[in-house]
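Participant: Compact mmCIF, C-alpha atoms, saved as run22.txt, coming up:
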```txt
# COMPACT_ATOMS: atom_id res chain seq x y z
CA MET A 288 30.35 -4.12 30.19
CA ALA A 289 33.37 -3.91 32.53
CA ALA A 290 33.11 -5.52 35.98
CA ARG A 291 33.28 -2.15 37.77
CA ASP A 292 30.35 -0.92 35.69
CA GLN A 293 28.33 -3.96 36.69
CA VAL A 294 29.12 -3.29 40.35
CA ALA A 295 28.15 0.35 39.95
CA ALA A 296 24.88 -0.57 38.30
CA ALA A 297 24.06 -3.05 41.08
CA THR A 298 24.91 -0.54 43.81
CA LYS A 299 22.72 2.17 42.26
CA GLY A 300 19.72 -0.13 41.99
CA ILE A 301 19.86 -1.80 45.41
CA GLY A 302 16.34 -2.49 46.72
CA LEU A 303 14.66 -1.69 43.39
CA THR A 304 12.43 -4.44 42.09
CA THR A 305 11.59 -4.97 38.47
CA GLY A 306 7.98 -4.07 39.30
CA ASP A 307 9.12 -0.76 40.86
CA TRP A 308 11.04 0.11 37.71
CA LEU A 309 8.24 -0.84 35.37
CA ALA A 310 5.79 1.30 37.33
CA TYR A 311 8.17 4.27 37.30
CA TRP A 312 9.02 3.84 33.63
CA ILE A 313 5.40 3.69 32.44
CA ARG A 314 4.65 6.91 34.38
CA THR A 315 7.59 8.90 33.04
CA VAL A 316 8.40 7.66 29.53
CA ARG A 317 7.31 9.93 26.69
CA LEU A 318 4.73 8.07 24.62
CA ARG A 319 1.60 8.71 22.63
CA SER A 320 -1.42 8.26 24.87
CA SER A 321 -2.68 5.26 22.89
CA THR A 322 0.77 3.61 23.08
CA ARG A 323 0.96 4.31 26.80
CA ARG A 324 -2.38 2.58 27.34
CA ASN A 325 -1.14 -0.52 25.52
CA TYR A 326 2.19 -0.54 27.39
CA ARG A 327 0.44 -0.10 30.73
CA GLN A 328 -1.81 -3.04 29.98
CA HIS A 329 1.25 -5.16 29.20
CA VAL A 330 2.94 -4.09 32.42
CA VAL A 331 -0.06 -4.60 34.69
CA THR A 332 -1.48 -7.76 33.11
CA TYR A 333 1.63 -9.73 32.17
CA LEU A 334 4.99 -8.31 33.19
CA THR A 335 4.47 -7.28 36.81
CA PRO A 336 2.80 -10.57 37.83
CA GLN A 337 5.67 -12.55 36.30
CA LEU A 338 8.70 -10.38 37.06
CA GLY A 339 7.59 -7.71 39.52
CA ASP A 340 9.08 -9.22 42.71
CA LEU A 341 12.53 -9.90 41.22
CA PRO A 342 15.35 -7.46 42.00
CA LEU A 343 16.02 -5.38 38.91
CA VAL A 344 19.81 -5.54 39.15
CA THR A 345 19.85 -9.35 39.15
CA LEU A 346 17.27 -9.82 36.42
CA HIS A 347 18.62 -12.50 34.09
CA VAL A 348 17.79 -13.90 30.68
CA SER A 349 16.60 -17.09 32.37
CA ASP A 350 14.07 -15.07 34.39
CA VAL A 351 12.72 -13.42 31.27
CA ARG A 352 12.61 -16.73 29.41
CA LYS A 353 10.63 -18.35 32.23
CA ALA A 354 8.25 -15.39 32.40
CA PHE A 355 7.50 -15.50 28.69
CA THR A 356 6.91 -19.22 28.74
CA ALA A 357 4.11 -18.51 31.21
CA ILE A 358 2.88 -15.43 29.34
CA ALA A 359 2.72 -17.29 26.02
CA ALA A 360 0.70 -20.04 27.72
CA GLY A 361 -1.90 -17.45 28.70
CA SER A 362 -1.00 -16.73 32.32
CA GLY A 363 -2.83 -13.54 33.24
CA SER A 364 -5.16 -13.74 30.25
CA ARG A 365 -8.80 -14.73 30.57
CA TYR A 366 -8.78 -15.74 26.91
CA GLY A 367 -6.27 -18.59 27.19
CA ARG A 368 -3.12 -18.80 25.09
CA LEU A 369 -1.96 -15.51 23.62
CA ALA A 370 -1.42 -14.95 19.93
CA PRO A 371 2.28 -14.93 18.99
CA SER A 372 1.94 -11.31 17.84
CA THR A 373 0.64 -10.31 21.30
CA VAL A 374 3.51 -12.09 23.03
CA ALA A 375 5.96 -10.28 20.75
CA ARG A 376 4.40 -6.90 21.62
CA VAL A 377 4.63 -7.64 25.36
CA ARG A 378 8.29 -8.56 24.92
CA ALA A 379 8.89 -5.30 23.01
CA THR A 380 7.37 -3.38 25.94
CA LEU A 381 9.67 -5.10 28.43
CA SER A 382 12.68 -4.57 26.20
CA SER A 383 11.95 -0.84 25.96
CA ALA A 384 11.62 -0.56 29.72
CA LEU A 385 14.84 -2.47 30.39
CA ARG A 386 16.72 -0.51 27.74
CA ALA A 387 15.80 2.63 29.67
CA ALA A 388 17.11 0.96 32.85
CA VAL A 389 20.43 0.28 31.12
CA GLU A 390 20.62 3.93 30.05
CA GLU A 391 20.02 4.97 33.67
CA GLY A 392 22.84 2.71 34.85
CA LEU A 393 20.49 0.40 36.74
CA LEU A 394 21.27 -2.63 34.57
CA ALA A 395 24.45 -3.83 32.95
CA HIS A 396 22.62 -5.20 29.93
CA ASN A 397 19.10 -5.75 28.61
CA PRO A 398 18.06 -9.37 29.31
CA ALA A 399 14.93 -9.08 27.15
CA ARG A 400 16.97 -8.75 23.96
CA GLY A 401 18.64 -11.39 21.87
CA PRO A 402 17.84 -14.86 20.58
CA GLU A 403 17.96 -16.42 24.05
CA ILE A 404 14.28 -15.56 24.51
CA ASP A 405 12.43 -18.18 22.49
CA LEU A 406 9.10 -16.68 21.45
CA PRO A 407 6.39 -18.29 19.32
CA GLU A 408 6.84 -17.51 15.64
CA VAL A 409 4.85 -14.47 14.56
CA LEU A 410 3.01 -14.94 11.29
CA ALA A 411 1.05 -11.92 10.16
CA PRO A 412 -2.43 -13.12 9.18
CA ARG A 413 -3.40 -12.84 5.55
CA PRO A 414 -6.96 -11.84 4.70
CA TYR A 415 -9.50 -14.41 3.56
CA VAL A 416 -12.34 -13.53 1.20
CA TRP A 417 -15.85 -14.39 2.36
CA THR A 418 -16.74 -16.59 -0.61
CA GLU A 419 -20.19 -18.17 -0.92
CA GLU A 420 -18.87 -21.50 0.36
CA ARG A 421 -17.27 -19.90 3.42
CA VAL A 422 -20.39 -17.86 4.17
CA ALA A 423 -22.52 -21.03 4.00
CA ARG A 424 -20.20 -22.81 6.43
CA TRP A 425 -20.22 -19.79 8.77
CA ARG A 426 -24.02 -19.70 8.79
CA THR A 427 -24.16 -23.39 9.69
CA THR A 428 -21.36 -23.69 12.24
CA GLY A 429 -20.16 -20.19 13.14
CA TRP A 430 -16.75 -21.06 11.65
CA ARG A 431 -14.47 -18.26 10.44
CA PRO A 432 -11.61 -18.79 7.97
CA GLY A 433 -9.16 -16.59 9.88
CA PRO A 434 -8.72 -13.51 12.06
CA VAL A 435 -8.69 -11.18 9.04
CA CYS A 436 -11.56 -11.48 6.56
CA VAL A 437 -12.72 -9.27 3.70
CA TRP A 438 -15.99 -8.92 1.90
CA THR A 439 -16.55 -9.23 -1.81
CA ARG A 440 -17.66 -6.28 -3.89
CA GLY A 441 -21.29 -7.35 -3.58
CA GLN A 442 -21.06 -7.75 0.20
CA THR A 443 -19.48 -4.31 0.56
CA ILE A 444 -22.29 -2.80 -1.49
CA GLU A 445 -24.80 -4.59 0.72
CA LEU A 446 -23.28 -3.01 3.82
CA LEU A 447 -23.31 0.50 2.36
CA LYS A 448 -26.95 0.13 1.27
CA SER A 449 -27.94 -1.27 4.67
CA ILE A 450 -26.50 1.65 6.64
CA ALA A 451 -27.45 4.42 4.21
CA GLY A 452 -29.08 7.23 6.14
CA HIS A 453 -27.09 6.60 9.31
CA LYS A 454 -25.77 9.84 10.76
CA ARG A 455 -22.17 8.65 10.46
CA TYR A 456 -22.58 6.76 7.19
CA LEU A 457 -19.86 8.85 5.54
CA TYR A 458 -17.26 7.55 7.99
CA TYR A 459 -17.80 3.91 7.01
CA HIS A 460 -18.09 4.84 3.33
CA LEU A 461 -14.67 6.53 3.42
CA VAL A 462 -12.99 3.62 5.22
CA ALA A 463 -14.52 1.08 2.82
CA ILE A 464 -13.66 3.05 -0.32
CA THR A 465 -10.32 4.70 0.49
CA GLY A 466 -8.87 2.35 3.12
CA LEU A 467 -8.38 5.03 5.77
CA ARG A 468 -7.23 3.80 9.16
CA ARG A 469 -9.78 4.01 11.96
CA GLY A 470 -8.02 6.90 13.69
CA GLU A 471 -7.25 8.73 10.44
CA ALA A 472 -10.91 8.81 9.47
CA ALA A 473 -12.00 9.81 12.99
CA ALA A 474 -9.59 12.75 12.96
CA LEU A 475 -10.60 14.22 9.60
CA ARG A 476 -11.34 17.93 9.57
CA GLU A 477 -13.28 19.95 7.04
CA VAL A 478 -10.04 21.57 5.87
CA ASP A 479 -8.66 18.11 5.05
CA VAL A 480 -11.12 17.75 2.16
CA ASP A 481 -10.68 19.61 -1.13
CA LEU A 482 -13.93 19.16 -3.03
CA TRP A 483 -12.77 21.27 -5.97
CA HIS A 484 -9.83 18.98 -6.71
CA ARG A 485 -11.65 15.89 -5.35
CA GLU A 486 -8.94 15.07 -2.82
CA LEU A 487 -8.64 14.17 0.83
CA PHE A 488 -5.51 14.91 2.88
CA VAL A 489 -4.19 12.70 5.67
CA ILE A 490 -1.81 14.84 7.67
CA THR A 491 -0.47 15.28 11.19
CA ARG A 492 -3.15 17.26 12.96
CA PRO A 493 -3.34 19.45 16.06
CA ASP A 494 -3.91 17.63 19.32
CA PRO A 495 -7.69 17.45 19.78
CA GLY A 496 -7.47 17.17 23.54
CA GLY A 497 -6.83 13.43 23.44
CA GLN A 498 -10.24 12.84 21.91
CA VAL A 499 -9.11 11.09 18.74
CA ASP A 500 -5.66 9.58 18.70
CA GLY A 501 -3.33 10.86 21.35
CA ASP A 502 -1.03 13.63 20.24
CA GLY A 503 -2.27 13.75 16.67
CA LYS A 504 0.79 12.10 15.12
CA LEU A 505 0.37 9.73 12.21
CA LYS A 506 1.46 6.10 12.38
CA SER A 507 4.53 6.76 10.22
CA ARG A 508 5.86 9.33 7.77
CA TYR A 509 4.35 7.30 4.94
CA SER A 510 0.89 7.81 6.42
CA ALA A 511 0.84 11.44 5.31
CA ARG A 512 -0.74 11.27 1.89
CA THR A 513 -3.28 12.65 -0.57
CA ILE A 514 -6.17 10.40 -1.55
CA ALA A 515 -8.19 11.02 -4.71
CA LEU A 516 -11.97 10.80 -4.33
CA ASP A 517 -14.48 9.50 -6.85
CA HIS A 518 -17.36 11.74 -7.90
CA VAL A 519 -19.94 9.80 -5.84
CA THR A 520 -17.91 10.23 -2.65
CA VAL A 521 -17.37 13.93 -3.41
CA GLY A 522 -21.14 14.37 -3.68
CA LEU A 523 -21.66 12.59 -0.37
CA VAL A 524 -19.08 14.78 1.37
CA ARG A 525 -20.62 17.95 -0.08
CA ARG A 526 -24.10 17.06 1.15
CA TYR A 527 -22.72 15.99 4.53
CA LEU A 528 -20.94 19.32 5.04
CA THR A 529 -24.05 21.25 4.08
CA ALA A 530 -26.18 19.27 6.55
CA ARG A 531 -23.85 19.94 9.48
CA ALA A 532 -23.12 23.61 8.79
CA GLY A 533 -24.63 24.59 12.14
CA VAL A 534 -22.44 22.30 14.26
CA PRO A 535 -20.02 24.40 16.35
CA ALA A 536 -16.24 24.16 16.06
CA GLY A 537 -14.32 21.81 18.31
CA PRO A 538 -11.05 22.11 20.28
CA GLY A 539 -8.81 24.92 19.06
CA GLY A 540 -11.49 26.11 16.66
CA GLU A 541 -11.04 23.05 14.45
CA ARG A 542 -14.07 21.72 12.59
CA TYR A 543 -13.93 17.94 12.61
CA LEU A 544 -16.06 15.89 10.26
CA PHE A 545 -17.32 13.36 12.79
CA THR A 546 -18.30 15.01 16.04
CA THR A 547 -20.72 15.14 18.92
CA PRO A 548 -23.45 17.82 18.73
CA THR A 549 -21.08 20.16 20.60
CA GLY A 550 -18.33 19.85 17.97
CA MET A 551 -16.06 17.52 19.94
CA PRO A 552 -14.47 14.85 17.74
CA CYS A 553 -15.81 11.33 18.26
CA ARG A 554 -13.43 8.89 19.85
CA ARG A 555 -12.31 6.19 17.46
CA ASP A 556 -13.50 3.44 19.83
CA LEU A 557 -17.04 4.63 19.19
CA PHE A 558 -16.76 3.62 15.55
CA THR A 559 -15.45 0.16 16.41
CA HIS A 560 -18.42 -0.66 18.62
CA GLU A 561 -20.91 1.11 16.37
CA PHE A 562 -19.71 -0.85 13.35
CA GLU A 563 -20.26 -4.14 15.17
CA ASP A 564 -23.78 -3.03 16.14
CA LEU A 565 -24.66 -1.90 12.62
CA LEU A 566 -23.37 -5.16 11.17
CA ALA A 567 -25.47 -7.25 13.56
CA GLU A 568 -28.63 -5.14 13.49
CA ARG A 569 -28.90 -4.08 9.86
CA THR A 570 -27.27 -6.85 7.81
CA GLN A 571 -26.96 -10.60 7.44
CA LEU A 572 -23.36 -10.29 6.35
CA PRO A 573 -20.56 -12.52 7.68
CA PRO A 574 -18.48 -10.83 10.38
CA ILE A 575 -15.43 -8.67 9.79
CA ARG A 576 -13.65 -6.09 11.94
CA LEU A 577 -13.80 -2.38 11.20
CA HIS A 578 -10.10 -2.51 10.27
CA ASP A 579 -10.91 -5.25 7.76
CA LEU A 580 -12.74 -2.65 5.67
CA ARG A 581 -9.26 -1.25 5.01
CA HIS A 582 -8.11 -4.63 3.72
CA GLY A 583 -11.27 -4.79 1.64
CA ALA A 584 -10.59 -1.39 0.09
CA ALA A 585 -7.20 -2.67 -1.09
CA SER A 586 -8.76 -5.78 -2.61
CA LEU A 587 -11.53 -3.78 -4.31
CA SER A 588 -8.93 -1.42 -5.77
CA LEU A 589 -6.94 -4.33 -7.21
CA ALA A 590 -10.09 -5.90 -8.66
CA ALA A 591 -10.92 -2.55 -10.27
CA GLY A 592 -7.63 -2.73 -12.17
CA ASN A 593 -5.43 -0.42 -10.10
CA ASP A 594 -1.75 -1.28 -9.72
CA LEU A 595 -0.04 -2.14 -6.44
CA LYS A 596 1.85 1.16 -6.26
CA SER A 597 -1.43 3.08 -6.38
CA ILE A 598 -2.87 0.85 -3.66
CA GLN A 599 0.25 1.24 -1.50
CA ASP A 600 0.01 5.03 -1.76
CA MET A 601 -3.71 5.00 -0.98
CA LEU A 602 -3.13 2.97 2.19
CA GLY A 603 -0.02 4.88 3.29
CA HIS A 604 2.30 1.87 3.50
CA ALA A 605 6.08 2.08 3.47
CA SER A 606 6.49 -1.08 1.40
CA MET A 607 4.69 -2.34 -1.68
CA SER A 608 5.52 -5.92 -0.66
CA PHE A 609 3.72 -5.40 2.67
CA THR A 610 0.66 -4.18 0.79
CA ALA A 611 0.76 -7.17 -1.54
CA ASP A 612 1.41 -9.79 1.16
CA TYR A 613 -0.95 -8.69 3.92
CA TYR A 614 -3.57 -6.31 2.54
CA VAL A 615 -4.55 -7.36 -0.96
CA SER A 616 -6.72 -10.41 -1.53
CA LEU A 617 -7.52 -11.86 -4.93
CA TYR A 618 -11.24 -12.25 -5.43
CA PRO A 619 -12.29 -15.50 -7.13
CA SER A 620 -13.24 -13.58 -10.28
CA THR A 621 -9.78 -12.00 -10.43
CA ARG A 622 -8.10 -15.41 -10.26
CA HIS A 623 -10.39 -16.77 -12.97
CA GLN A 624 -9.75 -13.75 -15.18
CA ALA A 625 -6.01 -14.35 -14.82
CA ALA A 626 -6.49 -18.02 -15.74
CA GLU A 627 -8.56 -17.08 -18.80
CA LYS A 628 -5.83 -14.72 -19.99
CA ILE A 629 -3.23 -17.47 -19.73
CA GLY A 630 -5.47 -19.88 -21.59
CA ALA A 631 -6.23 -17.35 -24.28
CA SER A 632 -2.54 -16.63 -24.80
CA LEU A 633 -1.80 -20.33 -25.28
CA PHE A 634 -4.78 -21.78 -27.08
CA ALA A 635 -6.92 -19.05 -28.64
CA THR A 636 -7.01 -18.19 -32.37
CA PRO A 637 -6.91 -14.55 -33.49
CA SER A 638 -10.72 -14.56 -33.24
CA GLY A 639 -10.47 -15.43 -29.57
CA ARG A 640 -11.92 -18.94 -29.85
CA VAL A 641 -10.08 -22.01 -28.55
CA HIS A 642 -8.78 -23.95 -31.57
CA ARG A 643 -8.63 -27.77 -31.53
CA THR A 644 -5.20 -27.95 -33.14
CA ARG A 645 -3.73 -25.80 -30.35
CA LEU A 646 -4.95 -28.14 -27.63
CA PRO A 647 -2.93 -31.08 -26.28
CA LEU A 648 -3.87 -34.31 -28.11
CA HIS A 649 -5.71 -35.78 -25.12
CA CYS A 650 -7.93 -32.69 -24.94
CA ARG A 651 -9.05 -32.53 -28.56
CA ARG A 652 -11.65 -35.27 -28.21
CA VAL A 653 -13.69 -33.23 -25.72
CA ALA A 654 -13.13 -29.80 -27.25
CA GLY A 655 -16.47 -28.32 -28.19
CA ASN A 656 -18.45 -30.92 -26.23
CA ALA A 657 -20.33 -30.36 -22.99
CA THR A 658 -17.47 -32.03 -21.08
CA ARG A 659 -14.72 -29.52 -20.47
CA CYS A 660 -11.04 -30.31 -20.94
CA PRO A 661 -9.28 -29.96 -17.56
CA HIS A 662 -6.60 -27.83 -19.23
CA VAL A 663 -9.03 -25.22 -20.58
CA PRO A 664 -10.25 -22.60 -18.06
CA THR A 665 -13.97 -22.39 -17.41
CA ALA A 666 -16.03 -19.19 -17.52
CA THR A 667 -15.33 -16.64 -14.87
CA SER A 668 -17.34 -16.66 -11.69
CA LYS A 669 -18.88 -13.57 -10.16
CA ILE A 670 -17.24 -11.68 -7.34
```
Here is the file; what I need is its structure written in the form of C-alpha cells.

Facilitator:
Amino acid sequence: MAARDQVAAATKGIGLTTGDWLAYWIRTVRLRSSTRRNYRQHVVTYLTPQLGDLPLVTLHVSDVRKAFTAIAAGSGSRYGRLAPSTVARVRATLSSALRAAVEEGLLAHNPARGPEIDLPEVLAPRPYVWTEERVARWRTTGWRPGPVCVWTRGQTIELLKSIAGHKRYLYYHLVAITGLRRGEAAALREVDVDLWHRELFVITRPDPGGQVDGDGKLKSRYSARTIALDHVTVGLVRRYLTARAGVPAGPGGERYLFTTPTGMPCRRDLFTHEFEDLLAERTQLPPIRLHDLRHGAASLSLAAGNDLKSIQDMLGHASMSFTADYYVSLYPSTRHQAAEKIGASLFATPSGRVHRTRLPLHCRRVAGNATRCPHVPTATSKI
C-alpha cells in the first residue's frame, strides 16, 4: 500500500487498541450464531489477553507471531497446550477480524496472514477402530488410540440394543446408520421424511428461533442431500411419528422430530451430553464421541460393500478423497477379506483351493500342514 494510505490508516485509527477492534468486530460482523459463539470464545480467551492492549494501527507480524507462540503453548487454556487445529482456528478468527480492519481503512495490511506466522502443523486425525486388543488395553489402563475412534459392527449393535426404548432412540439410530451430523439430525422435521419412497431430506430449514443451529443454514452446499432409508429404519420412523402425533407444532408451525413436550426443537448440545450419559450408564462400550457415530456409519457402509461415492453422498462431503482419508476406517475383517482375495487370485486353483505347485518353493513343504506358510493369508477374523 502507498505511504499516504498507511498514514491515512494510522490517522483514522488513532487511540484504537486491537482489543477495542476485536470487541467491536465480534458484535457487528454477520455470522451464524454458532460461529459467533466460537469466534467470541477465541477473542475473549486467547486474542484479547495476548494482543488487546496493542494499538491496532501499529500491529505487526512480530506481535502476532509472539502472541501465537504463547497461545500454542496453552496460555489462557486450563487444558495445557492447544491442539494444532485449535490454534489454526484461533488464527483464522484473528485474520478475519483484521481483514475487516483493512477494509475499514484502519490497517494497511493484515499481519495475521502469510507464512511469517509459524503455526504447529495441523494433521486431521484419522479414526481408529476399537479392536478387541485396544478395548482390552483401554479397560486396563484407560488408554485411547486417538481422538477419533469408531466402533465395530458388533459394538454399534450393542449400543442400539442397550438404548432401545429410550425416548430419543431414533435420533442415535439415524446418526449411527446414516451418518447425519449432530445438528442435521436435531433439526429434522416431519416433512423431511418421505416414508413412501423411504427417503430422508437434509435441506436448509427455517430458523427455529436459534434452538437448533443458528440461522438454519447447512454446513456447505454439499450438505443438502437425499438419504435412502432401510426398511427397518422406515418402520422405526413410522412408529415414532404415530407415538408423538399429539405433540404440538413448534416455531413457525413446524413439526420437528426431536422436541420438548411443547414442540420446541431440542438443542443439539442436549444430544451430546445425553449420548455420554447413555454410554456410561447403559453400556460397557469403549468411549467415542457422538460425532464419531458419523465416522462409524461411513465405515459400516464400506464394510457392507458400498462404494466411496455412495458414502460421500450419504455424508454430504464435497470431496471423495476427504471421505476416504478421514471418515472411512477399514475393519479388520475387511482387510483380511482383501488379503484373501489377493491370495486367491495368485495361488488358488479353479476350485478355490490353494495348490502346492502355485506356491513359492519354500512354502510347499508346509502347505496342507498345521503350520501356515507366511505368504498364504489366514482365515478372516470377525468384525

Participant: Which residues, written as a list in words, have at least one atom at most 8 Å from Pro573 (chain A), with all atoms listed in the file counted and residues fewer than 2 positions away on the same chain left out?

Facilitator: Trp417, Val422, Trp425, Gln571 and Ile575 of chain A

Participant: Quick one: residues within 8 Å of region 476-491 of chain A, all atoms listed in the file counted, chain neighbours fewer than 2 positions away excluded, as a count of residues only?

Facilitator: 22

Participant: Quick one: contact table of region 454-488 of chain A to region 602-617 of chain A, 9 Å max, nearest atom pair and distance in Å to one decimal per residue, counting only C-alpha atoms, chain and number order, as a tab-separated table?

Facilitator:
```
residue	atom	partner	partner_atom	distance
A:Thr465	CA	A:Leu602	CA	7.6
A:Gly466	CA	A:Leu602	CA	5.8
A:Leu467	CA	A:Leu602	CA	6.7
A:Arg468	CA	A:Leu602	CA	8.1
```

Participant: Which residue gives the smallest distance to Gly533 (chain A) among A:Leu572, A:Pro548, A:Arg431, A:Thr345, with all atoms listed in the file counted?

Facilitator: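 Using all atoms listed in the file, Gly533 (chain A) sits closest to A:Pro548.
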
Participant: Contacts of Gly592 (chain A) at 12 Å or less, counting all atoms listed in the file, minus same-chain residues fewer than 5 places along, as an MDAnalysis selection string?

Facilitator: chainID A and resid 585:587 597:598 617 621 624

Participant: Could you work out how far CA of Tyr459 (chain A) lies from CA of Met601 (chain A), giving the answer in Å with one decimal?

Facilitator: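 Computing it gives 16.2 Å between the two atoms.
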
Participant: Name the closest residue to Ala463 (chain A) among the candidates A:Leu577, A:Leu589, A:Ala395, A:Ala626; distances are taken between atoms, counting all atoms listed in the file.

Facilitator: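 That would be A:Leu577, the residue with the smallest distance to Ala463 (chain A).
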
Participant: Rank nothing, just name the residue among A:Ala584, A:Gly339, A:Ser620, A:Thr546 nearest to His460 (chain A), using all atoms listed in the file.

Facilitator: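 Of A:Ala584, A:Gly339, A:Ser620, A:Thr546, the one nearest His460 (chain A) is A:Ala584, counting all atoms listed in the file.
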
Participant: Rounded to one decimal, what separation in Å do you get between CA of Pro342 (chain A) and CA of Pro371 (chain A)?

Facilitator: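 Those two atoms sit 27.5 Å apart.
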
Participant: If I take CA of Ala384 (chain A) and CA of Tyr311 (chain A), how far is one from the other in Å, to one decimal?

Facilitator: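 According to the coordinates, CA of Ala384 (chain A) and CA of Tyr311 (chain A) are separated by 9.6 Å.
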
Participant: Hey, which of A:Arg554, A:Leu343, A:Arg440, A:Gln599 ends up closest to Tyr509 (chain A)? Count only C-alpha atoms.

Facilitator: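 Closest candidate: A:Gln599.
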
Participant: Point out the residue among A:Tyr618, A:Tyr458, A:Phe545, A:Tyr415 with the least atom-to-atom distance to Ala590 (chain A), counting all atoms listed in the file.

Facilitator: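 Among the listed residues, A:Tyr618 lies closest to Ala590 (chain A).
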
Participant: Measuring between all atoms listed in the file, which one of A:Ile444, A:Ala354, A:Met551, A:Leu346 shows the shortest distance to Leu393 (chain A)?

Facilitator: A:Leu346
